[in-house]
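File shown: entry19.txt (compact mmCIF, C-alpha atoms).
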# COMPACT_ATOMS: atom_id res chain seq x y z
CA MET Y 173 6.04 -32.57 8.43
CA SER Y 174 4.56 -30.13 2.43
CA GLU Y 175 1.24 -29.10 2.00
CA PRO Y 176 -0.60 -25.77 1.86
CA HIS Y 177 0.90 -22.86 3.77
CA ASP Y 178 -1.90 -20.32 3.98
CA SER Y 179 -4.98 -22.04 5.41
CA ALA Y 180 -5.10 -19.96 8.57
CA ARG Y 181 -6.07 -16.86 6.65
CA ARG Y 182 -9.59 -18.27 6.66
CA LEU Y 183 -9.74 -18.37 10.43
CA GLN Y 184 -10.64 -15.47 12.74
CA ARG Y 185 -8.24 -12.75 13.79
CA VAL Y 186 -7.42 -14.61 17.00
CA THR Y 187 -6.27 -17.64 15.06
CA LEU Y 188 -2.49 -17.83 14.80
CA ASP Y 189 -1.05 -18.94 11.48
CA ARG Y 190 1.17 -21.96 11.92
CA ARG Y 191 3.21 -20.84 8.98
CA GLN Y 192 4.13 -18.00 11.32
CA LEU Y 193 4.24 -20.13 14.45
CA LEU Y 194 5.94 -23.07 12.79
CA ALA Y 195 7.55 -21.24 9.91
CA GLY Y 196 10.06 -23.29 8.06
CA ALA Y 197 8.20 -26.57 7.93
CA GLY Y 198 9.08 -28.25 4.65
CA GLY Y 199 8.57 -31.65 3.05
CA ALA Y 200 5.33 -33.48 3.64
CA ALA Y 201 4.14 -31.67 6.78
CA ALA Y 202 2.14 -28.56 6.16
CA ALA Y 203 2.97 -25.32 7.85
CA LEU Y 204 -0.64 -24.57 8.68
CA GLY Y 205 -2.71 -22.43 11.01
CA LEU Y 206 -3.24 -23.25 14.66
CA ALA Y 207 -6.34 -22.28 16.60
CA ALA Y 208 -5.35 -19.91 19.38
CA CYS Y 209 -6.93 -18.46 22.46
CA ALA Y 210 -8.04 -14.85 22.43
CA PRO Y 211 -5.52 -12.05 23.05
CA GLY Y 212 -5.08 -11.35 26.72
CA THR Y 213 -5.69 -14.93 27.83
CA VAL Y 214 -3.53 -15.64 30.83
CA GLY Y 215 -1.84 -19.03 30.91
CA PRO Y 216 -0.74 -21.04 33.94
CA ALA Y 217 2.04 -19.65 36.11
CA PRO Y 218 5.39 -20.58 34.52
CA SER Y 219 7.63 -23.09 36.21
CA THR Y 220 10.46 -21.55 38.21
CA ASP Y 221 12.76 -24.56 37.92
CA ARG Y 222 16.18 -22.96 38.11
CA PRO Y 223 18.84 -24.20 35.67
CA THR Y 224 22.33 -24.49 37.11
CA GLY Y 225 24.82 -23.62 34.40
CA PRO Y 226 28.58 -23.41 34.89
CA ALA Y 227 28.60 -19.62 34.57
CA GLU Y 228 26.86 -16.98 36.67
CA ILE Y 229 23.38 -16.04 35.48
CA LYS Y 230 23.02 -12.27 35.60
CA GLY Y 231 22.65 -9.15 33.47
CA GLU Y 232 20.47 -8.21 30.48
CA ILE Y 233 19.62 -10.23 27.41
CA VAL Y 234 17.55 -9.55 24.30
CA PHE Y 235 15.07 -12.31 23.39
CA TRP Y 236 13.51 -12.65 19.92
CA THR Y 237 10.36 -14.65 19.15
CA ILE Y 238 8.32 -15.19 15.98
CA ASN Y 239 4.76 -13.80 15.91
CA LEU Y 240 3.81 -14.50 19.51
CA LYS Y 241 3.10 -11.07 20.93
CA GLU Y 242 -0.42 -10.42 19.63
CA VAL Y 243 -1.96 -13.57 21.05
CA TYR Y 244 0.55 -14.95 23.56
CA SER Y 245 1.89 -11.81 25.21
CA ASP Y 246 0.70 -12.87 28.66
CA TYR Y 247 2.36 -16.26 28.37
CA VAL Y 248 5.73 -14.91 27.23
CA THR Y 249 5.81 -12.01 29.68
CA GLY Y 250 4.91 -14.52 32.41
CA LEU Y 251 7.92 -16.63 31.45
CA ILE Y 252 10.15 -13.59 31.51
CA SER Y 253 8.89 -12.42 34.90
CA ALA Y 254 9.32 -15.87 36.42
CA PHE Y 255 12.87 -16.17 35.08
CA GLU Y 256 13.82 -12.73 36.34
CA ALA Y 257 12.35 -13.53 39.75
CA ALA Y 258 14.30 -16.79 39.93
CA HIS Y 259 17.50 -15.02 38.92
CA PRO Y 260 17.79 -11.62 40.66
CA GLY Y 261 19.85 -9.19 38.66
CA THR Y 262 18.67 -10.47 35.28
CA LYS Y 263 16.54 -8.61 32.75
CA VAL Y 264 15.01 -10.01 29.55
CA ASN Y 265 14.11 -7.54 26.80
CA TRP Y 266 11.56 -9.16 24.49
CA VAL Y 267 11.35 -8.40 20.75
CA ASP Y 268 8.67 -10.11 18.65
CA VAL Y 269 9.49 -10.44 14.95
CA PRO Y 270 6.95 -11.03 12.12
CA GLY Y 271 7.37 -14.45 10.54
CA ASN Y 272 8.29 -13.11 7.10
CA GLN Y 273 11.02 -10.94 8.62
CA ILE Y 274 12.78 -13.34 10.97
CA GLU Y 275 15.24 -14.79 8.45
CA PRO Y 276 16.53 -11.54 6.90
CA LYS Y 277 16.49 -9.78 10.28
CA PHE Y 278 18.43 -12.58 11.95
CA LEU Y 279 21.00 -12.80 9.14
CA THR Y 280 21.49 -9.04 9.25
CA ALA Y 281 22.00 -9.19 13.01
CA LEU Y 282 24.55 -11.98 12.71
CA ALA Y 283 26.53 -9.90 10.24
CA SER Y 284 26.60 -6.96 12.64
CA SER Y 285 28.02 -6.43 16.11
CA GLU Y 286 24.55 -6.15 17.65
CA VAL Y 287 22.93 -9.55 17.99
CA PRO Y 288 20.02 -10.73 20.14
CA ASP Y 289 21.08 -13.11 22.87
CA ALA Y 290 18.33 -15.75 22.85
CA VAL Y 291 16.58 -16.28 19.53
CA ASN Y 292 13.63 -18.32 18.30
CA ILE Y 293 14.45 -19.43 14.74
CA THR Y 294 12.99 -22.13 12.56
CA ASN Y 295 14.59 -25.47 11.84
CA LEU Y 296 15.51 -24.39 8.30
CA GLN Y 297 17.75 -21.60 9.59
CA VAL Y 298 19.84 -23.57 12.06
CA ALA Y 299 22.31 -25.42 9.83
CA GLY Y 300 23.15 -22.35 7.77
CA ALA Y 301 23.92 -20.31 10.88
CA ALA Y 302 25.58 -23.11 12.88
CA ASN Y 303 29.09 -21.67 12.74
CA GLN Y 304 27.77 -18.41 14.21
CA LEU Y 305 25.95 -20.02 17.14
CA VAL Y 306 27.14 -20.90 20.62
CA ASP Y 307 27.76 -24.53 21.57
CA LEU Y 308 25.11 -24.82 24.26
CA GLY Y 309 26.89 -27.89 25.60
CA THR Y 310 29.56 -25.56 26.96
CA LEU Y 311 27.01 -23.43 28.83
CA LEU Y 312 24.53 -25.94 30.25
CA PRO Y 313 25.18 -29.07 32.34
CA ALA Y 314 24.84 -32.34 30.46
CA ASP Y 315 21.88 -33.44 32.59
CA GLN Y 316 19.83 -30.52 31.29
CA PHE Y 317 19.78 -32.10 27.83
CA THR Y 318 18.48 -35.51 28.89
CA ASP Y 319 14.77 -34.62 28.87
CA TYR Y 320 14.54 -33.59 25.21
CA VAL Y 321 13.30 -36.15 22.68
CA PRO Y 322 16.58 -37.49 21.25
CA GLY Y 323 15.25 -37.45 17.70
CA MET Y 324 14.53 -33.73 18.08
CA LEU Y 325 17.67 -32.70 19.97
CA ASP Y 326 20.40 -34.70 18.25
CA PRO Y 327 19.86 -33.34 14.71
CA PHE Y 328 20.82 -29.91 16.03
CA LYS Y 329 24.23 -31.18 17.12
CA ILE Y 330 26.30 -29.99 14.17
CA ASP Y 331 30.04 -30.58 13.87
CA GLY Y 332 30.06 -31.74 17.48
CA LYS Y 333 28.29 -28.63 18.80
CA GLN Y 334 24.78 -28.45 20.25
CA VAL Y 335 23.82 -25.28 18.42
CA ALA Y 336 20.06 -25.32 19.05
CA ILE Y 337 17.48 -26.61 21.49
CA PRO Y 338 14.15 -27.87 20.09
CA TRP Y 339 11.08 -26.01 21.35
CA TYR Y 340 7.69 -26.91 19.82
CA HIS Y 341 6.14 -28.36 16.67
CA GLY Y 342 2.86 -29.45 15.10
CA GLY Y 343 3.17 -33.16 15.86
CA ALA Y 344 3.65 -36.28 13.79
CA PRO Y 345 1.34 -36.75 10.79
CA ILE Y 346 -2.00 -38.53 11.05
CA MET Y 347 -4.16 -40.19 8.38
CA PHE Y 348 -7.54 -38.48 8.05
CA TYR Y 349 -10.34 -40.20 6.12
CA ARG Y 350 -13.74 -39.23 4.74
CA LYS Y 351 -15.88 -42.00 6.24
CA SER Y 352 -18.55 -41.65 3.58
CA VAL Y 353 -15.98 -42.49 0.90
CA LEU Y 354 -14.19 -45.33 2.70
CA ALA Y 355 -17.53 -46.99 3.49
CA LYS Y 356 -17.80 -47.79 -0.22
CA VAL Y 357 -14.43 -49.58 -0.41
CA PRO Y 358 -14.98 -53.35 -0.08
CA GLY Y 359 -13.08 -54.94 2.78
CA PHE Y 360 -11.51 -51.75 4.12
CA ASP Y 361 -10.79 -51.90 7.84
CA TYR Y 362 -9.48 -48.90 9.78
CA ALA Y 363 -7.72 -51.33 12.10
CA ALA Y 364 -5.66 -52.47 9.10
CA SER Y 365 -4.82 -48.97 7.84
CA PRO Y 366 -1.60 -48.48 5.82
CA LYS Y 367 1.60 -49.13 7.75
CA ASP Y 368 3.94 -47.83 5.05
CA TYR Y 369 3.74 -45.62 1.98
CA PRO Y 370 3.48 -48.44 -0.59
CA GLU Y 371 0.28 -49.40 1.26
CA VAL Y 372 -0.83 -45.75 1.13
CA VAL Y 373 -0.62 -45.81 -2.66
CA GLU Y 374 -2.35 -49.19 -2.77
CA LEU Y 375 -5.26 -47.94 -0.65
CA ALA Y 376 -5.56 -44.81 -2.78
CA GLN Y 377 -5.99 -46.96 -5.87
CA LYS Y 378 -8.58 -49.15 -4.18
CA ILE Y 379 -10.58 -46.06 -3.27
CA TYR Y 380 -10.68 -44.75 -6.82
CA ASP Y 381 -11.43 -48.15 -8.33
CA ALA Y 382 -14.36 -48.64 -5.96
CA THR Y 383 -15.78 -45.12 -5.80
CA ASP Y 384 -14.51 -42.98 -8.71
CA VAL Y 385 -13.27 -40.61 -5.99
CA TYR Y 386 -9.58 -39.75 -6.02
CA GLY Y 387 -7.77 -41.69 -3.32
CA THR Y 388 -5.41 -39.12 -1.81
CA THR Y 389 -3.28 -36.01 -2.26
CA VAL Y 390 0.01 -37.67 -1.27
CA MET Y 391 2.86 -37.09 -3.72
CA PRO Y 392 6.56 -38.09 -3.63
CA SER Y 393 7.92 -35.10 -1.72
CA GLY Y 394 11.37 -35.21 -0.18
CA THR Y 395 9.94 -36.37 3.13
CA VAL Y 396 7.77 -39.06 1.51
CA MET Y 397 10.86 -40.32 -0.33
CA ARG Y 398 12.56 -40.75 3.04
CA TYR Y 399 9.61 -42.83 4.24
CA HIS Y 400 10.36 -45.06 1.27
CA GLY Y 401 13.95 -45.40 2.49
CA ILE Y 402 15.47 -43.13 -0.16
CA GLY Y 403 18.52 -41.16 0.95
CA MET Y 404 18.22 -37.58 -0.23
CA ILE Y 405 21.66 -36.07 0.38
CA SER Y 406 25.22 -37.39 0.73
CA ASP Y 407 26.78 -37.74 4.17
CA ASP Y 408 29.09 -34.81 3.49
CA LYS Y 409 26.10 -32.63 2.43
CA LYS Y 410 27.78 -31.82 -0.88
CA THR Y 411 25.71 -33.75 -3.43
CA ALA Y 412 22.26 -35.16 -4.06
CA ALA Y 413 21.89 -38.86 -3.22
CA PHE Y 414 18.45 -39.58 -4.67
CA ASN Y 415 19.49 -40.20 -8.28
CA SER Y 416 19.24 -43.99 -7.98
CA PRO Y 417 17.35 -46.93 -9.47
CA GLU Y 418 15.49 -47.34 -6.17
CA ALA Y 419 14.25 -43.76 -6.31
CA VAL Y 420 13.26 -44.15 -9.96
CA ALA Y 421 11.08 -47.13 -9.01
CA VAL Y 422 9.40 -45.14 -6.23
CA ILE Y 423 8.44 -42.14 -8.33
CA GLU Y 424 7.33 -44.34 -11.22
CA ARG Y 425 4.89 -45.99 -8.81
CA TYR Y 426 3.44 -42.57 -7.95
CA LYS Y 427 3.30 -41.56 -11.60
CA ASP Y 428 1.35 -44.73 -12.39
CA ALA Y 429 -1.02 -44.03 -9.47
CA TYR Y 430 -1.47 -40.44 -10.62
CA GLY Y 431 -2.34 -41.60 -14.12
CA LYS Y 432 -4.87 -44.08 -12.71
CA LYS Y 433 -6.48 -41.34 -10.58
CA ALA Y 434 -5.42 -42.78 -7.24
CA ILE Y 435 -3.78 -39.38 -6.63
CA SER Y 436 -5.76 -36.18 -7.08
CA PRO Y 437 -4.55 -33.41 -9.44
CA ALA Y 438 -4.70 -31.20 -6.33
CA ALA Y 439 -1.47 -32.89 -5.23
CA ILE Y 440 0.45 -31.04 -7.93
CA SER Y 441 -1.51 -27.79 -7.83
CA SER Y 442 0.27 -24.52 -7.12
CA THR Y 443 -2.93 -23.11 -5.63
CA ALA Y 444 -2.75 -22.51 -1.90
CA ASN Y 445 -4.98 -24.89 0.06
CA ALA Y 446 -5.79 -27.04 -2.98
CA THR Y 447 -5.28 -30.31 -1.10
CA TYR Y 448 -7.45 -29.10 1.77
CA GLN Y 449 -10.20 -27.92 -0.52
CA VAL Y 450 -10.58 -31.27 -2.28
CA PHE Y 451 -10.59 -33.09 1.05
CA ASP Y 452 -13.09 -30.59 2.46
CA THR Y 453 -15.46 -31.20 -0.46
CA GLY Y 454 -15.13 -34.99 -0.43
CA GLN Y 455 -13.17 -35.22 -3.69
CA VAL Y 456 -10.52 -37.45 -2.10
CA GLY Y 457 -10.79 -40.35 0.30
CA PHE Y 458 -7.97 -39.50 2.69
CA MET Y 459 -5.06 -37.20 3.35
CA ILE Y 460 -2.03 -37.30 5.64
CA SER Y 461 -1.73 -34.14 7.67
CA THR Y 462 -1.29 -32.62 11.10
CA PRO Y 463 -4.17 -32.14 13.58
CA TYR Y 464 -4.68 -28.64 12.20
CA ILE Y 465 -7.15 -30.15 9.76
CA LEU Y 466 -9.52 -30.70 12.69
CA ALA Y 467 -9.62 -27.04 13.68
CA PHE Y 468 -9.86 -25.99 10.04
CA LEU Y 469 -12.79 -28.26 9.17
CA LYS Y 470 -14.60 -27.78 12.46
CA LYS Y 471 -14.76 -24.06 11.80
CA ASN Y 472 -15.12 -23.96 8.02
CA SER Y 473 -16.87 -27.22 7.11
CA PRO Y 474 -18.80 -28.86 9.98
CA LYS Y 475 -20.28 -31.42 7.57
CA ALA Y 476 -16.81 -32.60 6.55
CA TYR Y 477 -15.68 -32.55 10.18
CA ALA Y 478 -18.53 -34.89 11.11
CA ASP Y 479 -17.42 -37.24 8.33
CA LEU Y 480 -13.86 -37.71 9.68
CA GLU Y 481 -12.07 -40.79 10.93
CA MET Y 482 -8.37 -41.05 11.72
CA THR Y 483 -5.58 -43.57 12.21
CA PRO Y 484 -1.83 -43.24 12.81
CA ALA Y 485 0.16 -42.40 9.69
CA PRO Y 486 2.78 -44.83 8.37
CA ARG Y 487 6.20 -45.11 9.99
CA THR Y 488 9.61 -45.52 8.40
CA ALA Y 489 11.18 -48.97 8.18
CA GLU Y 490 12.93 -48.10 11.46
CA GLY Y 491 9.60 -47.40 13.13
CA LYS Y 492 9.93 -43.62 13.16
CA PHE Y 493 7.68 -40.70 12.34
CA LEU Y 494 9.39 -37.90 10.43
CA LEU Y 495 8.99 -34.30 11.52
CA ASP Y 496 10.22 -31.62 9.15
CA GLY Y 497 8.96 -28.51 10.94
CA MET Y 498 10.32 -27.39 14.30
CA GLN Y 499 10.75 -24.20 16.27
CA THR Y 500 14.14 -23.91 17.96
CA LEU Y 501 16.03 -21.65 20.34
CA VAL Y 502 19.63 -20.58 19.81
CA VAL Y 503 22.30 -18.26 21.24
CA PRO Y 504 24.43 -16.34 18.70
CA ALA Y 505 28.19 -16.57 19.23
CA LYS Y 506 28.40 -12.75 19.37
CA SER Y 507 26.01 -12.60 22.35
CA LYS Y 508 27.34 -10.39 25.10
CA ASN Y 509 25.67 -12.56 27.75
CA PRO Y 510 25.61 -16.16 26.46
CA ALA Y 511 25.40 -17.83 29.88
CA THR Y 512 22.20 -16.04 30.86
CA ALA Y 513 20.76 -16.52 27.36
CA ALA Y 514 21.42 -20.27 27.50
CA ALA Y 515 19.87 -20.52 30.96
CA PHE Y 516 16.81 -18.64 29.72
CA ILE Y 517 16.17 -20.86 26.70
CA GLN Y 518 16.58 -23.96 28.87
CA PHE Y 519 14.07 -22.42 31.28
CA ILE Y 520 11.58 -21.76 28.45
CA THR Y 521 11.80 -25.38 27.36
CA ASN Y 522 11.57 -27.08 30.75
CA ALA Y 523 8.73 -29.59 30.98
CA LYS Y 524 6.19 -27.49 32.87
CA ASN Y 525 6.65 -24.40 30.75
CA GLN Y 526 6.24 -26.46 27.57
CA VAL Y 527 3.05 -28.10 28.87
CA ASP Y 528 1.64 -24.70 29.80
CA PHE Y 529 2.21 -23.46 26.25
CA CYS Y 530 0.58 -26.58 24.78
CA LYS Y 531 -2.50 -25.86 26.90
CA LEU Y 532 -2.90 -22.55 25.09
CA VAL Y 533 -2.48 -23.75 21.50
CA PRO Y 534 -2.51 -27.20 19.83
CA ILE Y 535 1.24 -27.62 19.56
CA TYR Y 536 3.45 -30.38 20.93
CA PRO Y 537 6.56 -30.30 23.13
CA SER Y 538 10.13 -31.46 22.71
CA SER Y 539 10.29 -32.65 26.34
CA LEU Y 540 9.76 -36.29 27.29
CA GLU Y 541 8.57 -35.28 30.75
CA ALA Y 542 6.13 -32.81 29.23
CA ILE Y 543 4.51 -35.34 26.92
CA ALA Y 544 3.92 -37.63 29.93
CA ASP Y 545 1.78 -34.94 31.55
CA PRO Y 546 -1.88 -35.93 32.18
CA PHE Y 547 -2.92 -33.05 29.91
CA PHE Y 548 -2.11 -35.15 26.84
CA LYS Y 549 -4.38 -37.97 27.99
CA GLU Y 550 -7.32 -35.99 29.33
CA GLU Y 551 -10.79 -36.19 27.79
CA THR Y 552 -12.33 -32.82 26.95
CA GLY Y 553 -15.42 -34.00 25.10
CA ASN Y 554 -13.94 -33.08 21.71
CA VAL Y 555 -13.54 -36.68 20.62
CA LEU Y 556 -11.45 -36.20 17.48
CA GLU Y 557 -9.17 -33.59 19.02
CA ASP Y 558 -8.65 -35.73 22.12
CA ARG Y 559 -7.79 -38.77 20.02
CA ALA Y 560 -5.35 -36.79 17.88
CA LYS Y 561 -3.65 -35.34 20.95
CA GLN Y 562 -3.34 -38.76 22.57
CA MET Y 563 -2.11 -40.33 19.35
CA ILE Y 564 0.64 -37.77 18.85
CA ALA Y 565 1.66 -37.96 22.51
CA GLU Y 566 2.12 -41.72 22.21
CA GLU Y 567 4.15 -41.26 19.03
CA LEU Y 568 6.39 -38.46 20.29
CA PRO Y 569 9.29 -40.61 21.55
CA ASP Y 570 9.49 -42.16 18.06
CA THR Y 571 9.31 -38.81 16.26
CA VAL Y 572 12.49 -37.67 14.56
CA TYR Y 573 13.27 -34.28 13.12
CA VAL Y 574 14.80 -34.59 9.65
CA SER Y 575 16.65 -31.99 7.64
CA TYR Y 576 19.17 -31.80 4.84
CA GLY Y 577 21.54 -30.02 7.21
CA THR Y 578 22.60 -27.22 4.88
CA LYS Y 579 22.06 -23.49 4.63
CA HIS Y 580 19.99 -24.21 1.51
CA ASP Y 581 17.39 -26.53 3.07
CA ALA Y 582 14.39 -24.39 2.13
CA GLU Y 583 15.56 -24.07 -1.49
CA LEU Y 584 16.40 -27.77 -1.79
CA THR Y 585 12.97 -28.71 -0.46
CA LYS Y 586 11.17 -26.44 -2.90
CA VAL Y 587 13.24 -27.53 -5.90
CA PHE Y 588 12.65 -31.24 -5.27
CA ASP Y 589 8.96 -30.98 -4.43
CA ASP Y 590 8.24 -28.69 -7.40
CA GLY Y 591 10.21 -31.08 -9.59
CA MET Y 592 8.09 -34.01 -8.45
CA LYS Y 593 4.89 -32.11 -9.17
CA ALA Y 594 6.16 -31.35 -12.69
CA TYR Y 595 7.12 -34.99 -13.16
CA LEU Y 596 3.71 -36.31 -12.11
CA GLY Y 597 1.93 -33.92 -14.43
CA GLY Y 598 4.35 -34.19 -17.34
CA SER Y 599 5.91 -36.71 -19.73
CA THR Y 600 9.57 -36.68 -18.65
CA PRO Y 601 10.92 -40.18 -17.85
CA ALA Y 602 11.57 -40.83 -14.17
CA ALA Y 603 15.32 -41.32 -14.54
CA THR Y 604 15.64 -38.07 -16.48
CA ALA Y 605 13.54 -36.15 -13.98
CA LEU Y 606 15.66 -37.32 -11.04
CA ALA Y 607 18.92 -36.69 -12.89
CA ASP Y 608 17.82 -33.14 -13.71
CA LEU Y 609 16.84 -32.51 -10.09
CA ALA Y 610 20.13 -33.94 -8.85
CA ASP Y 611 21.99 -31.53 -11.15
CA LYS Y 612 19.99 -28.62 -9.74
CA TRP Y 613 20.70 -29.72 -6.18
CA ASN Y 614 24.40 -30.14 -6.88
CA THR Y 615 24.58 -26.62 -8.29
CA ILE Y 616 22.86 -25.23 -5.21
CA LEU Y 617 25.07 -27.25 -2.85
CA ALA Y 618 28.22 -26.07 -4.63
CA ASP Y 619 27.50 -22.55 -3.34

Now, as a test, write the supplied structure out as structure tokens.
Amino acid sequence: MSEPHDSARRLQRVTLDRRQLLAGAGGAAAALGLAACAPGTVGPAPSTDRPTGPAEIKGEIVFWTINLKEVYSDYVTGLISAFEAAHPGTKVNWVDVPGNQIEPKFLTALASSEVPDAVNITNLQVAGAANQLVDLGTLLPADQFTDYVPGMLDPFKIDGKQVAIPWYHGGAPIMFYRKSVLAKVPGFDYAASPKDYPEVVELAQKIYDATDVYGTTVMPSGTVMRYHGIGMISDDKKTAAFNSPEAVAVIERYKDAYGKKAISPAAISSTANATYQVFDTGQVGFMISTPYILAFLKKNSPKAYADLEMTPAPRTAEGKFLLDGMQTLVVPAKSKNPATAAAFIQFITNAKNQVDFCKLVPIYPSSLEAIADPFFKEETGNVLEDRAKQMIAEELPDTVYVSYGTKHDAELTKVFDDGMKAYLGGSTPAATALADLADKWNTILAD
């Protein structure tokens, strides 16, 4: 769930940038590149499971996606053809939108009388547009919502309306270690890896004390604060909730660790890919990231790839993994054909169609039935990738999408995370730093 956003630029043309594919990921999870298959690759035949909504499914709809056409045209056109075949008299007109254009283009469409009918938007756009989206609960039978991971579906129920359906994401975070560094830490046992973030900081300090190598790149982002049990925003979404003695104690612990070199200066760098670069070159002992790191290192640094070990990342006190990046599907309230649009997005996200997409690119589904597919347990010979896939599949039912639930989520995330970087690298007292950030949040939320 945030870390660097531009790593995929270093991959080949056929590599799809996860900032484009999973645009909108904030907090501690990086929006990073995903290795993709070559253009023109044909995926498995889409499922033709036919949703049975309360309204008749017919007529034309316009469907928007984000940066899928160049590499995944065959997959998407296959979905469309299968849906049209299952529902005679329907037609889906596909429009693919560049990742950096989806937000302004979607907002402009909502303000006009010409809106797309079924739209792929990122998690950060949903809350701000909620009052202009259809309640999908009025268009789809209740039993068609039971297969989605509750922690991914329920957060998109806003003011009693199911305004979005979760689609795909990059998976829960994993701890990745440089074996050559951890081998020098007396008594370290991968089987006893950190179970919470206080233990993450403790291990980072042990690494530096034993090796003179920085421990990690973890910093107290908004998502990491939630792992510590810190509430970030009030229940009514009107004010910051993190200006508390408990939060002061958390960030002081990170400041102390930063000063004692348990945390690398790369954690507060504004340079794209800084945290990946120091991990790549062995300047830190471990990082917490998504499985993208495997594809990145395998291609760009085989020596570092061969030096990797991994364990599950810490959970919250409630036993959950936090996901702050998610692709969703919505139907604008101004759609001229909302029933067909809702049926189409449910069709896209049925279990088989989600599994087929995951077979083309290392993403993960929102469907419980999908994650139970043998694909997520199969051995391919790529030991690290297989382990990561199996690990995330096992964790999926306990993975929860988290957001601030406002139209300002992206801005709030950036303000807090930038503020924490400034705090770690500066001399402002913790209480003052949090109070200043709370004031900034409250000003933003007052809009």

Problem - Residue nearest Thr604 in chain Y - candidates Y:Leu240, Y:Ala434, Y:Ile460, Y:Ala419, atoms counted: only C-alpha atoms - result: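 For Thr604 in chain Y, the nearest of the given residues is Y:Ala419.
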
Exercise for the section: Within 9 Å of Pro322 in chain Y, counting all atoms listed in the file, which residues show up once you throw out same-chain ones fewer than 6 positions away? Write them as a count of residues only, please. Expected result: 4

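Using all atoms listed in the file, the shortest contact distance between Leu296 in chain Y and any of Y:Phe414, Y:Phe468, Y:Trp266, Y:Phe328 is found at Y:Phe328.
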
Practice task
Could you tell me how far CA of Gly577 in chain Y lies from CA of Asp331 in chain Y, in Å and to one decimal?
Solution key: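 Between CA of Gly577 in chain Y and CA of Asp331 in chain Y the gap is 10.8 Å.
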
Exercise for the section: In the coordinates of the file, take the point (27.2, -22.1, 15.7) and a cut-off of 6 Å; then, counting all atoms listed in the file, name each qualifying protein, DNA or RNA residue as an MDAnalysis selection string. Expected result: chainID Y and resid 302:306 335

Practice task
Can you work out the spacing between CA of Glu481 in chain Y and CA of Thr395 in chain Y in Å, to one decimal?
Solution key: 23.8 Å

Problem - Long-range neighbours of Phe516 in chain Y as a PyMOL selection string, 8 Å cut-off, only C-alpha atoms, 3 positions minimum in chain - result: chain Y and resi 255+290+512-513+519-520

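With CA of Phe360 in chain Y on one side and CA of Asp479 in chain Y on the other, the separation reads 16.2 Å.
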
Problem - Exercise: Ser416 in chain Y partners within 9 Å, only C-alpha atoms, chain neighbours under 3 positions left out, as a PyMOL selection string - result: chain Y and resi 402+413+419-421+603+606-607
